[in-house]
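Participant: Got model.csv for you, CSV, C-alpha atoms:
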```csv
chain,number,residue,atom,x,y,z
A,1,MET,CA,21.7,2.5,-17.9
A,2,ALA,CA,21.2,5.5,-15.7
A,3,GLU,CA,23.5,8.5,-15.9
A,4,ILE,CA,24.8,9.6,-12.5
A,5,ASP,CA,26.2,12.9,-11.6
A,6,ARG,CA,27.6,12.3,-8.2
A,7,SER,CA,28.4,16.0,-7.5
A,8,LEU,CA,24.7,16.6,-7.3
A,9,ILE,CA,24.0,13.9,-4.6
A,10,GLY,CA,22.8,15.7,-1.4
A,11,LYS,CA,22.2,19.0,-3.1
A,12,TRP,CA,18.7,20.5,-2.5
A,13,GLY,CA,16.7,21.5,-5.5
A,14,PRO,CA,14.4,24.6,-5.8
A,15,GLU,CA,11.6,25.2,-3.3
A,16,GLY,CA,7.9,24.9,-4.0
A,17,SER,CA,5.0,25.9,-1.8
A,18,MET,CA,1.5,24.5,-1.3
A,19,ARG,CA,-1.5,25.1,1.0
A,20,VAL,CA,-2.9,21.9,2.5
A,21,GLU,CA,-6.6,22.3,1.6
A,22,PHE,CA,-9.2,20.6,3.7
A,23,GLY,CA,-11.1,19.5,0.5
A,24,LYS,CA,-7.9,17.7,-0.6
A,25,ILE,CA,-7.5,16.0,2.7
A,26,ARG,CA,-11.1,14.8,2.7
A,27,GLU,CA,-10.9,13.6,-0.9
A,28,PHE,CA,-7.6,11.8,-0.2
A,29,ALA,CA,-9.0,10.2,3.0
A,30,ARG,CA,-12.0,8.9,1.1
A,31,ALA,CA,-9.8,7.5,-1.6
A,32,VAL,CA,-7.7,5.4,0.9
A,33,LYS,CA,-10.8,4.5,2.8
A,34,GLU,CA,-10.0,6.3,6.0
A,35,ASP,CA,-13.2,6.7,7.9
A,36,ASP,CA,-12.1,8.5,11.1
A,37,PRO,CA,-14.4,11.6,11.4
A,38,LEU,CA,-11.2,13.6,12.2
A,39,PHE,CA,-10.3,13.7,8.5
A,40,PHE,CA,-13.8,15.0,7.6
A,41,ASP,CA,-14.0,17.8,10.1
A,42,GLU,CA,-12.4,21.0,8.9
A,43,ALA,CA,-11.7,22.4,12.3
A,44,ARG,CA,-9.4,19.5,13.4
A,45,SER,CA,-8.5,17.9,10.1
A,46,LEU,CA,-5.0,16.4,9.9
A,47,ALA,CA,-3.2,14.9,6.8
A,48,PRO,CA,-3.6,11.1,6.5
A,49,PRO,CA,-0.3,9.1,6.7
A,50,THR,CA,0.4,9.0,3.0
A,51,PHE,CA,-1.2,12.4,2.1
A,52,LEU,CA,2.1,13.9,1.1
A,53,MET,CA,1.9,11.9,-2.1
A,54,THR,CA,-0.4,14.6,-3.4
A,55,VAL,CA,2.5,16.9,-3.5
A,56,ALA,CA,4.8,14.6,-5.5
A,57,LEU,CA,3.2,15.6,-8.8
A,58,TRP,CA,4.0,19.2,-8.2
A,59,ILE,CA,7.5,18.6,-7.2
A,60,GLY,CA,8.1,17.0,-10.5
A,61,GLY,CA,7.0,20.3,-12.1
A,62,LEU,CA,10.0,22.0,-10.4
A,63,GLY,CA,12.1,20.2,-13.0
A,64,GLU,CA,15.2,19.3,-10.9
A,65,THR,CA,14.0,16.5,-8.8
A,66,ARG,CA,16.5,13.6,-8.6
A,67,SER,CA,18.7,15.7,-10.8
A,68,ALA,CA,21.7,13.6,-9.8
A,69,VAL,CA,20.4,10.6,-11.7
A,70,LYS,CA,18.8,10.3,-15.1
A,71,LEU,CA,17.0,7.0,-15.0
A,72,ASP,CA,16.2,4.6,-17.8
A,73,LEU,CA,12.4,4.7,-17.1
A,74,PRO,CA,11.2,1.4,-18.6
A,75,ARG,CA,13.5,-0.3,-16.1
A,76,VAL,CA,12.4,1.7,-13.0
A,77,LEU,CA,10.3,0.3,-10.1
A,78,HIS,CA,9.0,2.2,-7.1
A,79,GLY,CA,10.6,0.0,-4.4
A,80,GLU,CA,9.9,1.7,-1.1
A,81,GLN,CA,8.3,4.8,0.3
A,82,GLU,CA,9.0,6.2,3.8
A,83,PHE,CA,7.5,9.1,5.7
A,84,GLU,CA,9.0,10.6,8.8
A,85,TYR,CA,6.5,12.7,10.7
A,86,VAL,CA,8.0,15.5,12.9
A,87,LYS,CA,4.8,17.6,13.6
A,88,PRO,CA,1.2,17.1,12.6
A,89,ILE,CA,0.1,18.6,9.3
A,90,HIS,CA,-3.2,20.5,9.7
A,91,ALA,CA,-5.7,21.6,7.1
A,92,GLY,CA,-4.8,25.2,6.2
A,93,ASP,CA,-1.1,24.8,6.7
A,94,VAL,CA,1.1,26.2,4.0
A,95,LEU,CA,4.0,23.8,3.3
A,96,THR,CA,7.3,24.7,1.6
A,97,PHE,CA,9.1,21.8,0.2
A,98,ARG,CA,12.4,20.9,-1.5
A,99,SER,CA,13.9,17.7,-2.7
A,100,ARG,CA,17.3,16.1,-3.2
A,101,THR,CA,18.9,12.9,-4.3
A,102,LYS,CA,19.9,11.5,-0.9
A,103,GLU,CA,21.7,8.4,-1.8
A,104,VAL,CA,22.6,6.3,-4.8
A,105,PHE,CA,23.9,2.7,-4.5
A,106,GLU,CA,24.1,-0.6,-6.3
A,107,LYS,CA,23.2,-4.1,-5.3
A,108,GLU,CA,23.5,-7.4,-7.0
A,109,GLY,CA,20.0,-8.6,-8.1
A,110,LYS,CA,18.6,-11.9,-7.0
A,111,ARG,CA,18.5,-13.1,-10.6
A,112,GLY,CA,21.9,-11.6,-11.4
A,113,GLY,CA,22.6,-8.2,-12.8
A,114,LYS,CA,23.2,-5.0,-11.0
A,115,MET,CA,20.3,-3.1,-9.6
A,116,LEU,CA,20.7,0.7,-9.0
A,117,PHE,CA,18.9,2.2,-6.0
A,118,VAL,CA,18.1,5.9,-5.9
A,119,VAL,CA,16.8,7.4,-2.7
A,120,GLY,CA,15.0,10.8,-3.2
A,121,GLU,CA,14.1,12.9,-0.2
A,122,THR,CA,11.7,15.7,0.2
A,123,GLU,CA,11.6,18.0,3.2
A,124,PHE,CA,8.4,19.8,4.2
A,125,ARG,CA,8.2,22.9,6.4
A,126,ASN,CA,5.1,24.7,7.6
A,127,GLN,CA,4.3,28.4,7.6
A,128,HIS,CA,6.1,28.7,11.0
A,129,GLY,CA,9.3,27.5,9.5
A,130,ASP,CA,9.2,24.2,11.3
A,131,VAL,CA,10.1,20.9,9.6
A,132,VAL,CA,6.9,18.8,9.7
A,133,ALA,CA,7.9,15.8,7.6
A,134,TYR,CA,10.3,14.0,5.3
A,135,SER,CA,9.2,11.8,2.5
A,136,ARG,CA,11.7,9.3,1.1
A,137,SER,CA,11.2,7.4,-2.1
A,138,THR,CA,13.4,4.5,-3.2
A,139,VAL,CA,13.3,3.8,-6.9
A,140,ILE,CA,15.1,0.8,-8.4
A,141,GLU,CA,16.5,0.6,-11.9
A,142,THR,CA,16.7,-3.1,-12.8
A,143,ALA,CA,19.3,-4.7,-15.1
A,144,GLY,CA,16.5,-5.6,-17.6
A,145,ALA,CA,13.1,-4.3,-18.5
A,146,VAL,CA,10.7,-4.5,-15.5
A,147,ARG,CA,8.5,-7.6,-15.4
A,148,GLU,CA,6.3,-9.2,-12.8
B,1,MET,CA,-16.9,-3.1,9.0
B,2,SER,CA,-15.1,-0.3,10.9
B,3,ARG,CA,-13.9,-0.7,14.4
B,4,GLY,CA,-13.8,3.0,14.1
B,5,ALA,CA,-14.5,4.0,17.7
B,6,GLU,CA,-11.2,2.5,18.8
B,7,GLY,CA,-8.5,4.1,16.7
B,8,ASN,CA,-10.8,6.9,15.8
B,9,GLY,CA,-10.6,9.7,18.4
B,10,MET,CA,-10.3,7.5,21.4
B,11,ARG,CA,-6.8,7.5,22.9
B,12,ARG,CA,-4.9,4.3,23.0
B,13,PHE,CA,-2.4,4.5,25.8
B,14,TYR,CA,1.1,3.2,25.9
B,15,GLU,CA,0.3,1.1,29.0
B,16,ASP,CA,-2.5,-0.7,27.1
B,17,VAL,CA,-0.3,-1.9,24.3
B,18,LYS,CA,1.8,-5.1,24.5
B,19,GLU,CA,4.7,-6.4,22.3
B,20,GLY,CA,3.3,-9.0,20.0
B,21,GLN,CA,-0.2,-7.4,20.0
B,22,ASP,CA,-2.1,-7.5,16.7
B,23,LEU,CA,-3.5,-4.4,15.0
B,24,PRO,CA,-7.1,-5.0,14.1
B,25,ALA,CA,-7.2,-6.0,10.4
B,26,PHE,CA,-8.7,-3.6,7.8
B,27,VAL,CA,-10.2,-5.4,4.8
B,28,VAL,CA,-11.0,-3.9,1.4
B,29,GLN,CA,-13.4,-6.3,-0.3
B,30,ASN,CA,-13.5,-6.5,-4.1
B,31,LEU,CA,-11.2,-3.6,-5.2
B,32,THR,CA,-12.9,-1.7,-8.1
B,33,ARG,CA,-11.7,0.3,-11.0
B,34,THR,CA,-13.6,3.2,-9.4
B,35,ASP,CA,-11.3,2.8,-6.4
B,36,LEU,CA,-8.4,3.2,-8.7
B,37,VAL,CA,-9.8,6.2,-10.5
B,38,ARG,CA,-10.7,7.9,-7.2
B,39,TYR,CA,-7.1,7.4,-6.0
B,40,ALA,CA,-5.8,8.8,-9.3
B,41,GLY,CA,-7.8,11.9,-8.8
B,42,ALA,CA,-7.0,12.3,-5.1
B,43,SER,CA,-3.3,11.7,-5.4
B,44,GLY,CA,-2.7,13.3,-8.9
B,45,ASP,CA,-1.1,10.1,-10.1
B,46,PHE,CA,-2.7,9.7,-13.6
B,47,ASN,CA,-0.4,7.1,-14.9
B,48,PRO,CA,-2.8,5.5,-17.5
B,49,ILE,CA,-1.7,2.0,-16.5
B,50,HIS,CA,-4.0,2.4,-13.5
B,51,HIS,CA,-7.2,3.5,-15.3
B,52,ASP,CA,-6.9,3.0,-19.1
B,53,GLU,CA,-7.7,-0.6,-19.8
B,54,GLU,CA,-6.5,-0.4,-23.4
B,55,PHE,CA,-3.2,1.2,-22.4
B,56,ALA,CA,-2.7,-1.4,-19.6
B,57,ARG,CA,-3.2,-4.3,-22.1
B,58,MET,CA,-0.9,-2.7,-24.7
B,59,ALA,CA,1.7,-2.7,-22.0
B,60,GLY,CA,1.3,-6.4,-21.5
B,61,ASN,CA,-1.0,-6.5,-18.5
B,62,PRO,CA,-4.2,-8.5,-18.2
B,63,SER,CA,-6.0,-5.3,-17.0
B,64,VAL,CA,-5.4,-2.1,-15.1
B,65,PHE,CA,-3.9,-2.6,-11.7
B,66,GLY,CA,-3.8,-0.6,-8.4
B,67,HIS,CA,-1.3,2.1,-7.5
B,68,GLY,CA,1.2,0.8,-5.0
B,69,MET,CA,0.5,3.9,-2.9
B,70,LEU,CA,-3.2,3.1,-2.9
B,71,THR,CA,-2.5,-0.2,-1.1
B,72,ALA,CA,0.0,1.7,1.1
B,73,GLY,CA,-2.8,4.1,1.9
B,74,PHE,CA,-5.0,1.2,3.1
B,75,VAL,CA,-2.2,0.0,5.3
B,76,GLY,CA,-1.8,3.6,6.6
B,77,LYS,CA,-5.5,3.5,7.5
B,78,CYS,CA,-4.9,0.3,9.5
B,79,VAL,CA,-2.0,2.0,11.3
B,80,SER,CA,-3.6,5.4,11.9
B,81,ASP,CA,-6.7,3.7,13.4
B,82,PHE,CA,-4.5,1.9,15.9
B,83,VAL,CA,-2.1,4.7,16.9
B,84,GLY,CA,-3.9,7.9,16.0
B,85,VAL,CA,-2.5,9.8,13.0
B,86,GLU,CA,-1.1,12.6,15.2
B,87,ASN,CA,1.0,10.1,17.0
B,88,LEU,CA,2.6,8.5,14.0
B,89,ARG,CA,6.4,9.2,13.8
B,90,ARG,CA,7.4,7.0,10.9
B,91,PHE,CA,5.7,4.8,8.2
B,92,LYS,CA,7.6,2.8,5.6
B,93,VAL,CA,6.3,0.5,2.9
B,94,ARG,CA,7.9,-1.8,0.4
B,95,PHE,CA,6.1,-2.9,-2.7
B,96,ALA,CA,5.8,-6.5,-3.7
B,97,THR,CA,3.1,-8.0,-5.9
B,98,ARG,CA,0.5,-5.8,-7.6
B,99,VAL,CA,-3.2,-5.6,-6.8
B,100,TRP,CA,-6.0,-6.1,-9.4
B,101,PRO,CA,-9.6,-5.1,-9.7
B,102,GLY,CA,-11.7,-7.8,-7.8
B,103,ASP,CA,-8.9,-8.4,-5.3
B,104,THR,CA,-9.6,-8.5,-1.6
B,105,ILE,CA,-6.9,-6.8,0.3
B,106,THR,CA,-6.3,-7.5,4.0
B,107,CYS,CA,-4.2,-5.1,5.9
B,108,LYS,CA,-2.9,-6.2,9.3
B,109,GLY,CA,0.0,-5.7,11.6
B,110,ARG,CA,1.7,-6.4,14.9
B,111,VAL,CA,3.4,-4.4,17.6
B,112,THR,CA,7.0,-5.5,17.7
B,113,LYS,CA,8.6,-3.2,20.3
B,114,ARG,CA,7.8,-0.8,23.2
B,115,TYR,CA,10.5,1.6,24.2
B,116,GLU,CA,11.4,5.2,25.2
B,117,HIS,CA,12.9,7.6,22.7
B,118,ASP,CA,13.5,11.4,23.0
B,119,GLY,CA,11.3,11.4,26.2
B,120,GLU,CA,8.5,9.7,24.3
B,121,LYS,CA,6.8,6.4,24.9
B,122,ARG,CA,7.2,4.7,21.5
B,123,ILE,CA,6.0,1.6,19.8
B,124,ASP,CA,7.3,0.0,16.6
B,125,GLY,CA,5.3,-2.4,14.5
B,126,GLU,CA,5.3,-4.3,11.3
B,127,VAL,CA,2.4,-4.2,8.8
B,128,VAL,CA,1.4,-6.1,5.7
B,129,ALA,CA,-1.2,-6.0,2.9
B,130,LEU,CA,-2.2,-9.4,1.6
B,131,ASN,CA,-4.3,-10.3,-1.4
B,132,GLN,CA,-6.9,-13.1,-1.3
B,133,LYS,CA,-4.3,-15.7,-2.1
B,134,GLY,CA,-2.2,-14.6,0.8
B,135,GLU,CA,0.5,-13.0,-1.4
B,136,VAL,CA,2.2,-9.9,0.0
B,137,ALA,CA,1.3,-6.8,-1.9
B,138,VAL,CA,2.9,-4.3,0.5
B,139,SER,CA,5.0,-4.9,3.6
B,140,GLY,CA,6.1,-2.2,6.0
B,141,SER,CA,6.8,-0.8,9.4
B,142,PHE,CA,5.8,2.1,11.6
B,143,SER,CA,6.8,3.9,14.8
B,144,ALA,CA,4.5,5.9,16.9
B,145,ALA,CA,4.6,7.9,20.2
B,146,LEU,CA,1.7,7.0,22.4
B,147,PRO,CA,0.2,9.1,25.3
B,148,THR,CA,0.5,7.6,28.8
B,149,ARG,CA,-2.1,7.4,31.5
B,150,GLY,CA,0.5,9.1,33.8
```
Please render this file's structure as structure tokens.

Facilitator:
Amino acid sequence: MAEIDRSLIGKWGPEGSMRVEFGKIREFARAVKEDDPLFFDEARSLAPPTFLMTVALWIGGLGETRSAVKLDLPRVLHGEQEFEYVKPIHAGDVLTFRSRTKEVFEKEGKRGGKMLFVVGETEFRNQHGDVVAYSRSTVIETAGAVRE
Amino acid sequence: MSRGAEGNGMRRFYEDVKEGQDLPAFVVQNLTRTDLVRYAGASGDFNPIHHDEEFARMAGNPSVFGHGMLTAGFVGKCVSDFVGVENLRRFKVRFATRVWPGDTITCKGRVTKRYEHDGEKRIDGEVVALNQKGEVAVSGSFSAALPTRG
């Protein structure tokens, strides 16, 4: 089972920073089969809806993500992903981001057994200091090993 | 294939959208392993279960399978074509069944609500990605603020 340190829930972890490169937007847009010319024109290129996933990998590198919960990984599912968009993200923007464990709660599973829900949140600010987006990821630790 | 001209660049006005209106469907025919590898590279998610056949089989799967967020990205395309990416305020997905190479994935949605919020003309909608058997791979919802003719 997961180990939970409730004193860390809500506490922001360290900040990271990343430039939103046009080449990455174009590559990502192609991968998710976006075909709007907007994504392929550097002068007006905006991040596609799920583009912030490209940052997730580097947040992990900060080492303290979801520090409130140590999950038992073979039992973990990515249950939900949510993005809240406050301002458009343009190619060339430099984003500063930080993450926290927002919420931890338990629910009774459909087939019995407790399921642990962990909501992680990442906040993104641009080079002007404005919050541009939040990304929220819900992972679920099931009572048994994950199966279809 | 693409109804590009509509969601792409052309403005869809709040006045033109009705509750219950369908979003045009976006269909990905015959998902390939190359699609999975391309998404791995673009997103940085190199979990081998999505590109290494041997690894996937050792883990008890019939083959590699798609990243949940790849399907979510297809649904995002369906939504951004309809509302314009700069107008999107919220997008949420829930993962259900997995998608496999060879699957045909149909993304579609519906406007569920029109309302005003923070001085903006908003719409909410629900979206879904189905495989060729009609099983739900991803379900979700969105909110967007649309321009007005005003």

Participant: Enumerate as a list in words the residues belonging to chain B that approach chain A to within 6 Å, with only C-alpha atoms taken into account.

Facilitator: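 So the residues of chain B near chain A are Asn8, Arg38, Tyr39, Ala42, Ser43, Gly73, Phe74, Gly76, Lys77, Glu86, Arg89, Arg90, Phe91, Lys92, Val93, Arg94 and Phe95 of chain B.
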
Participant: Which distance in Å separates atom CA of Gly140 of chain B and atom CA of Val111 of chain B, to one decimal?

Facilitator: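 So the two atoms, atom CA of Gly140 of chain B and atom CA of Val111 of chain B, lie 12.1 Å apart.
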
Participant: In Å, with one decimal, what is the gap from atom CA of Ala40 of chain B to atom CA of Leu95 of chain A?

Facilitator: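 We find that atom CA of Ala40 of chain B and atom CA of Leu95 of chain A lie 21.9 Å from each other.
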
Participant: Nearest residue to Ala144 of chain B out of B:Ile105, B:Val79, B:Val27, B:Val127, using all atoms listed in the file?

Facilitator: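 Residue with the minimum atom-to-atom distance to Ala144 of chain B: B:Val79.
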
Participant: What is the distance, in Å and to one decimal place, between atom CA of Arg19 of chain A and atom CA of Phe97 of chain A?

Facilitator: 11.1 Å

Participant: Extract, using all atoms listed in the file, all DNA, RNA and protein residues at most 8 Å from Gly125 of chain B, discarding same-chain residues fewer than 3 positions from it, and format them as a list of chain:residue names.

Facilitator: B:Gly109, B:Arg110, B:Val111, B:Thr112, B:Lys113, B:Ser141, B:Phe142, B:Ser143

Participant: Which residues are near segment 45-58 of chain B? Cut-off 8 Å, only C-alpha atoms, ignore same chain within fewer than 5 positions. Put them as a ChimeraX atom specification.

Facilitator: /A:57 /B:33,36-37,39-40,63-67

Participant: As a list in words, please: the residues near Arg122 of chain B (cut-off 8 Å, all atoms listed in the file, same-chain neighbours under 2 positions excluded).

Facilitator: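 After dropping sequence-adjacent residues, the list is Tyr14, Arg114, Tyr115, Glu116, His117, Glu120, Asp124, Ser143, Ala144, Ala145 and Leu146 of chain B.
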
Participant: Residues near Lys110 of chain A, anyone? I mean within 12 Å using all atoms listed in the file, not counting same-chain ones fewer than 4 positions away, as an mmCIF file with C-alpha atoms, in the frame of the given file.

Facilitator:
```cif
data_model
loop_
_atom_site.group_PDB
_atom_site.id
_atom_site.type_symbol
_atom_site.label_atom_id
_atom_site.label_comp_id
_atom_site.auth_asym_id
_atom_site.auth_seq_id
_atom_site.Cartn_x
_atom_site.Cartn_y
_atom_site.Cartn_z
ATOM 1 C CA LYS A 114 23.200 -5.000 -11.000
ATOM 2 C CA MET A 115 20.300 -3.100 -9.600
ATOM 3 C CA THR A 142 16.700 -3.100 -12.800
ATOM 4 C CA ALA A 143 19.300 -4.700 -15.100
#
```

Participant: List as a PyMOL selection string the protein and nucleic acid residues near Val76 of chain A, meaning an atom at most 8 Å away when only C-alpha atoms are counted, but skip any in the same chain fewer than 2 places from it.

Facilitator: chain A and resi 71-74+78+139-142+146

Participant: Padding 4 Å on each side, edges along x, y and z: where is the centre of the box around the listed atoms of segment 53-70 of chain B, and how long are its edges in Å to one decimal? Output it as JSON.

Facilitator:
```
{"center_x": -3.0, "center_y": -2.3, "center_z": -13.8, "size_x": 17.4, "size_y": 20.4, "size_z": 29.8}
```

Participant: Please complete segment 22-52 of chain A with N, CA and C atoms and give it back as a PDB file, in the frame of the given file.

Facilitator:
```pdb
ATOM      1  N   PHE A  22      -8.364  21.587   3.065  1.00  0.00           N
ATOM      2  CA  PHE A  22      -9.200  20.600   3.700  1.00  0.00           C
ATOM      3  C   PHE A  22      -9.939  19.728   2.677  1.00  0.00           C
ATOM      4  N   GLY A  23     -10.374  20.324   1.575  1.00  0.00           N
ATOM      5  CA  GLY A  23     -11.100  19.500   0.500  1.00  0.00           C
ATOM      6  C   GLY A  23     -10.185  18.422   0.000  1.00  0.00           C
ATOM      7  N   LYS A  24      -8.888  18.693  -0.117  1.00  0.00           N
ATOM      8  CA  LYS A  24      -7.900  17.700  -0.600  1.00  0.00           C
ATOM      9  C   LYS A  24      -7.751  16.571   0.417  1.00  0.00           C
ATOM     10  N   ILE A  25      -7.648  16.966   1.672  1.00  0.00           N
ATOM     11  CA  ILE A  25      -7.500  16.000   2.700  1.00  0.00           C
ATOM     12  C   ILE A  25      -8.717  15.027   2.722  1.00  0.00           C
ATOM     13  N   ARG A  26      -9.907  15.625   2.655  1.00  0.00           N
ATOM     14  CA  ARG A  26     -11.100  14.800   2.700  1.00  0.00           C
ATOM     15  C   ARG A  26     -11.221  13.893   1.483  1.00  0.00           C
ATOM     16  N   GLU A  27     -10.856  14.427   0.318  1.00  0.00           N
ATOM     17  CA  GLU A  27     -10.900  13.600  -0.900  1.00  0.00           C
ATOM     18  C   GLU A  27      -9.873  12.469  -0.834  1.00  0.00           C
ATOM     19  N   PHE A  28      -8.688  12.784  -0.332  1.00  0.00           N
ATOM     20  CA  PHE A  28      -7.600  11.800  -0.200  1.00  0.00           C
ATOM     21  C   PHE A  28      -8.017  10.711   0.803  1.00  0.00           C
ATOM     22  N   ALA A  29      -8.543  11.165   1.951  1.00  0.00           N
ATOM     23  CA  ALA A  29      -9.000  10.200   3.000  1.00  0.00           C
ATOM     24  C   ALA A  29      -9.992   9.259   2.473  1.00  0.00           C
ATOM     25  N   ARG A  30     -10.940   9.764   1.704  1.00  0.00           N
ATOM     26  CA  ARG A  30     -12.000   8.900   1.100  1.00  0.00           C
ATOM     27  C   ARG A  30     -11.353   7.880   0.176  1.00  0.00           C
ATOM     28  N   ALA A  31     -10.391   8.335  -0.615  1.00  0.00           N
ATOM     29  CA  ALA A  31      -9.800   7.500  -1.600  1.00  0.00           C
ATOM     30  C   ALA A  31      -9.021   6.290  -0.967  1.00  0.00           C
ATOM     31  N   VAL A  32      -8.407   6.526   0.194  1.00  0.00           N
ATOM     32  CA  VAL A  32      -7.700   5.400   0.900  1.00  0.00           C
ATOM     33  C   VAL A  32      -8.539   4.774   1.937  1.00  0.00           C
ATOM     34  N   LYS A  33      -9.823   5.115   1.949  1.00  0.00           N
ATOM     35  CA  LYS A  33     -10.800   4.500   2.800  1.00  0.00           C
ATOM     36  C   LYS A  33     -10.616   4.729   4.297  1.00  0.00           C
ATOM     37  N   GLU A  34      -9.995   5.862   4.604  1.00  0.00           N
ATOM     38  CA  GLU A  34     -10.000   6.300   6.000  1.00  0.00           C
ATOM     39  C   GLU A  34     -11.391   6.700   6.359  1.00  0.00           C
ATOM     40  N   ASP A  35     -11.845   6.309   7.559  1.00  0.00           N
ATOM     41  CA  ASP A  35     -13.200   6.700   7.900  1.00  0.00           C
ATOM     42  C   ASP A  35     -13.252   7.412   9.289  1.00  0.00           C
ATOM     43  N   ASP A  36     -12.093   7.766   9.822  1.00  0.00           N
ATOM     44  CA  ASP A  36     -12.100   8.500  11.100  1.00  0.00           C
ATOM     45  C   ASP A  36     -12.696   9.901  10.813  1.00  0.00           C
ATOM     46  N   PRO A  37     -13.706  10.287  11.605  1.00  0.00           N
ATOM     47  CA  PRO A  37     -14.400  11.600  11.400  1.00  0.00           C
ATOM     48  C   PRO A  37     -13.378  12.769  11.450  1.00  0.00           C
ATOM     49  N   LEU A  38     -12.245  12.549  12.111  1.00  0.00           N
ATOM     50  CA  LEU A  38     -11.200  13.600  12.200  1.00  0.00           C
ATOM     51  C   LEU A  38     -10.823  14.142  10.816  1.00  0.00           C
ATOM     52  N   PHE A  39     -10.748  13.269   9.832  1.00  0.00           N
ATOM     53  CA  PHE A  39     -10.300  13.700   8.500  1.00  0.00           C
ATOM     54  C   PHE A  39     -11.397  14.492   7.770  1.00  0.00           C
ATOM     55  N   PHE A  40     -12.628  14.415   8.274  1.00  0.00           N
ATOM     56  CA  PHE A  40     -13.800  15.000   7.600  1.00  0.00           C
ATOM     57  C   PHE A  40     -14.324  16.227   8.320  1.00  0.00           C
ATOM     58  N   ASP A  41     -13.593  16.693   9.314  1.00  0.00           N
ATOM     59  CA  ASP A  41     -14.000  17.800  10.100  1.00  0.00           C
ATOM     60  C   ASP A  41     -12.959  18.931   9.940  1.00  0.00           C
ATOM     61  N   GLU A  42     -13.330  19.974   9.239  1.00  0.00           N
ATOM     62  CA  GLU A  42     -12.400  21.000   8.900  1.00  0.00           C
ATOM     63  C   GLU A  42     -11.594  21.575  10.039  1.00  0.00           C
ATOM     64  N   ALA A  43     -12.294  21.755  11.156  1.00  0.00           N
ATOM     65  CA  ALA A  43     -11.700  22.400  12.300  1.00  0.00           C
ATOM     66  C   ALA A  43     -10.501  21.646  12.880  1.00  0.00           C
ATOM     67  N   ARG A  44     -10.525  20.316  12.774  1.00  0.00           N
ATOM     68  CA  ARG A  44      -9.400  19.500  13.400  1.00  0.00           C
ATOM     69  C   ARG A  44      -8.775  18.585  12.410  1.00  0.00           C
ATOM     70  N   SER A  45      -9.015  18.801  11.134  1.00  0.00           N
ATOM     71  CA  SER A  45      -8.500  17.900  10.100  1.00  0.00           C
ATOM     72  C   SER A  45      -7.008  17.806  10.038  1.00  0.00           C
ATOM     73  N   LEU A  46      -6.483  16.593  10.012  1.00  0.00           N
ATOM     74  CA  LEU A  46      -5.000  16.400   9.900  1.00  0.00           C
ATOM     75  C   LEU A  46      -4.805  15.563   8.584  1.00  0.00           C
ATOM     76  N   ALA A  47      -3.584  15.655   8.054  1.00  0.00           N
ATOM     77  CA  ALA A  47      -3.200  14.900   6.800  1.00  0.00           C
ATOM     78  C   ALA A  47      -3.134  13.411   7.162  1.00  0.00           C
ATOM     79  N   PRO A  48      -3.770  12.544   6.375  1.00  0.00           N
ATOM     80  CA  PRO A  48      -3.600  11.100   6.500  1.00  0.00           C
ATOM     81  C   PRO A  48      -2.130  10.691   6.306  1.00  0.00           C
ATOM     82  N   PRO A  49      -1.742   9.472   6.731  1.00  0.00           N
ATOM     83  CA  PRO A  49      -0.300   9.100   6.700  1.00  0.00           C
ATOM     84  C   PRO A  49       0.374   9.251   5.350  1.00  0.00           C
ATOM     85  N   THR A  50      -0.320   8.953   4.262  1.00  0.00           N
ATOM     86  CA  THR A  50       0.400   9.000   3.000  1.00  0.00           C
ATOM     87  C   THR A  50      -0.048  10.218   2.131  1.00  0.00           C
ATOM     88  N   PHE A  51      -0.670  11.203   2.801  1.00  0.00           N
ATOM     89  CA  PHE A  51      -1.200  12.400   2.100  1.00  0.00           C
ATOM     90  C   PHE A  51      -0.165  13.135   1.285  1.00  0.00           C
ATOM     91  N   LEU A  52       1.084  13.127   1.760  1.00  0.00           N
ATOM     92  CA  LEU A  52       2.100  13.900   1.100  1.00  0.00           C
ATOM     93  C   LEU A  52       2.366  13.472  -0.350  1.00  0.00           C
TER      94      LEU A  52
END
```
